[in-house]
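A.B. asks: Here it is, the structure in full.
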Amino acid sequence: MKKIFLLSGAVVFLLCSCKKNLPEVGKTAAEKMANEWWVTLDQGGTQDALGIGHFKIATYNSSANDDSIWIDDFQNGWQVKFKAKADFSNLTFATSNAANEYYPITVNVTDGKILLNAGHSKSGNVVDSIHMQIEFSDDPGTIYEMNGGARTRFAEDDY
């Protein structure tokens, strides 16, 4: 009986000592602005001015986790990936002469903003929307509007 008591005590001790103390996972600065988006490049009141349709972009934090976000079209639109300064409390962003990572141009963005629950997906779901005025140095003086809605990851909402 003594052996059973000691054995059960050892088992309880071992089970209790296996508790892991995991660190708390932090959030990135860009958490509220990070997403994938279906957008079009519009110009002068014409939606999809380039005729390429909706394409996917992403906004995400920089590795420095600072006041910048990456804007990346995965080479599906104008073939741009650049950093913009973000105001995380107001969900706005802008940049001037940002270096493009895909080929040697610069990008200007004004009026960049994310509007919560202000858009609709392809199938009509309410989603956040994204808007920016964007100029590319290889098409100077032409201001495009990039407009779209958050990607829901439902197949019926993908373009």
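Ligands are numbered from 1 in the order shown, chains are lettered A, B, ... in the order of the structure tokens, and residues start at 1 in each chain.
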Among the residues of chain A, find those DSSP assigns to strand (DSSP E) from the backbone and print them as a VMD selection string.
C.D. replies: chain A and resid 35 to 42 55 to 61 68 to 72 81 to 87 92 to 99 106 to 120 126 to 136 144 to 150
A.B. asks: Do you know which residues are at most 8 Å from range 30-38 of chain A counting only C-alpha atoms, after dropping those on the same chain fewer than 4 positions away, and could you put them as a ChimeraX atom specification?
C.D. replies: /A:54-61,65,67-69,88,91,114,130,148-151,158-159
A.B. asks: Identify, on the basis of only C-alpha atoms, every residue whose closest approach to Ala118 in chain A does not exceed 8 Å; exclude the query and any residue fewer than 3 positions from it along the same chain; express the result as a ChimeraX atom specification.
C.D. replies: /A:115,126-129
A.B. asks: What does the distance from CA of Thr28 in chain A to CA of Asn125 in chain A come to in Å, to one decimal?
C.D. replies: 26.5 Å
A.B. asks: Would you compute the distance between CA of Ala94 in chain A and CA of Tyr144 in chain A? Give it in Å to one decimal.
C.D. replies: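 Pair CA of Ala94 in chain A / CA of Tyr144 in chain A returns 14.1 Å.
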A.B. asks: Name the residues of chain A that fall into helix (DSSP H, G or I) according to DSSP on the backbone, using the chain letters and numbers of this document, as an NGL selection string.
C.D. replies: :A and (2-17 or 155-157)
A.B. asks: Please indicate the distance in Å from CA of Leu116 in chain A to CA of Ile52 in chain A, rounded to one decimal place.
C.D. replies: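 Between CA of Leu116 in chain A and CA of Ile52 in chain A the gap works out to 25.9 Å.
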A.B. asks: Closest to Thr92 in chain A among A:Met132, A:Ala64, A:Val80, A:Ile71, using only C-alpha atoms?
C.D. replies: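 Among A:Met132, A:Ala64, A:Val80, A:Ile71, it is A:Met132 that comes nearest to Thr92 in chain A.
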A.B. asks: With only C-alpha atoms as the basis for distance, which of A:Ile134, A:Ala29, A:Tyr102, A:Gly124 is at the shortest distance from Asp87 in chain A?
C.D. replies: A:Ala29
A.B. asks: Would you mind listing what lies within 10 Å of Met146 in chain A as an mmCIF file with C-alpha atoms, in the first residue's frame, with only C-alpha atoms counted and same-chain residues fewer than 3 positions away left out?
C.D. replies:
```
data_model
loop_
_atom_site.group_PDB
_atom_site.id
_atom_site.type_symbol
_atom_site.label_atom_id
_atom_site.label_comp_id
_atom_site.auth_asym_id
_atom_site.auth_seq_id
_atom_site.Cartn_x
_atom_site.Cartn_y
_atom_site.Cartn_z
ATOM 1 C CA TRP A 38 -9.030 42.568 -53.888
ATOM 2 C CA VAL A 39 -8.438 45.897 -55.655
ATOM 3 C CA THR A 40 -8.669 47.634 -59.012
ATOM 4 C CA LEU A 41 -6.571 50.465 -60.431
ATOM 5 C CA ASP A 42 -8.985 53.231 -61.338
ATOM 6 C CA GLN A 43 -8.190 56.493 -63.085
ATOM 7 C CA GLN A 47 -12.930 51.730 -62.819
ATOM 8 C CA ASP A 48 -10.234 49.232 -63.800
ATOM 9 C CA VAL A 109 0.855 57.313 -52.145
ATOM 10 C CA GLY A 112 -4.232 55.957 -48.126
ATOM 11 C CA ILE A 130 -8.942 50.112 -48.779
ATOM 12 C CA HIS A 131 -8.321 53.257 -50.807
ATOM 13 C CA MET A 132 -5.215 55.121 -51.927
ATOM 14 C CA GLN A 133 -4.130 57.554 -54.597
ATOM 15 C CA ILE A 134 -0.985 56.187 -56.173
ATOM 16 C CA ILE A 143 -2.635 59.542 -60.477
#
```
A.B. asks: Env of range 152-157 of chain A: 7 Å cut, atoms = only C-alpha atoms, seq-sep filter 5 positions within chain, self excluded. Answer as a PyMOL selection string.
C.D. replies: chain A and resi 121-123
A.B. asks: Measuring atom to atom with only C-alpha atoms, identify which of A:Glu101, A:Phe136, A:Asp66, A:Val107 is nearest to Lys85 in chain A.
C.D. replies: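 Of all the options, A:Asp66 lies closest to Lys85 in chain A.
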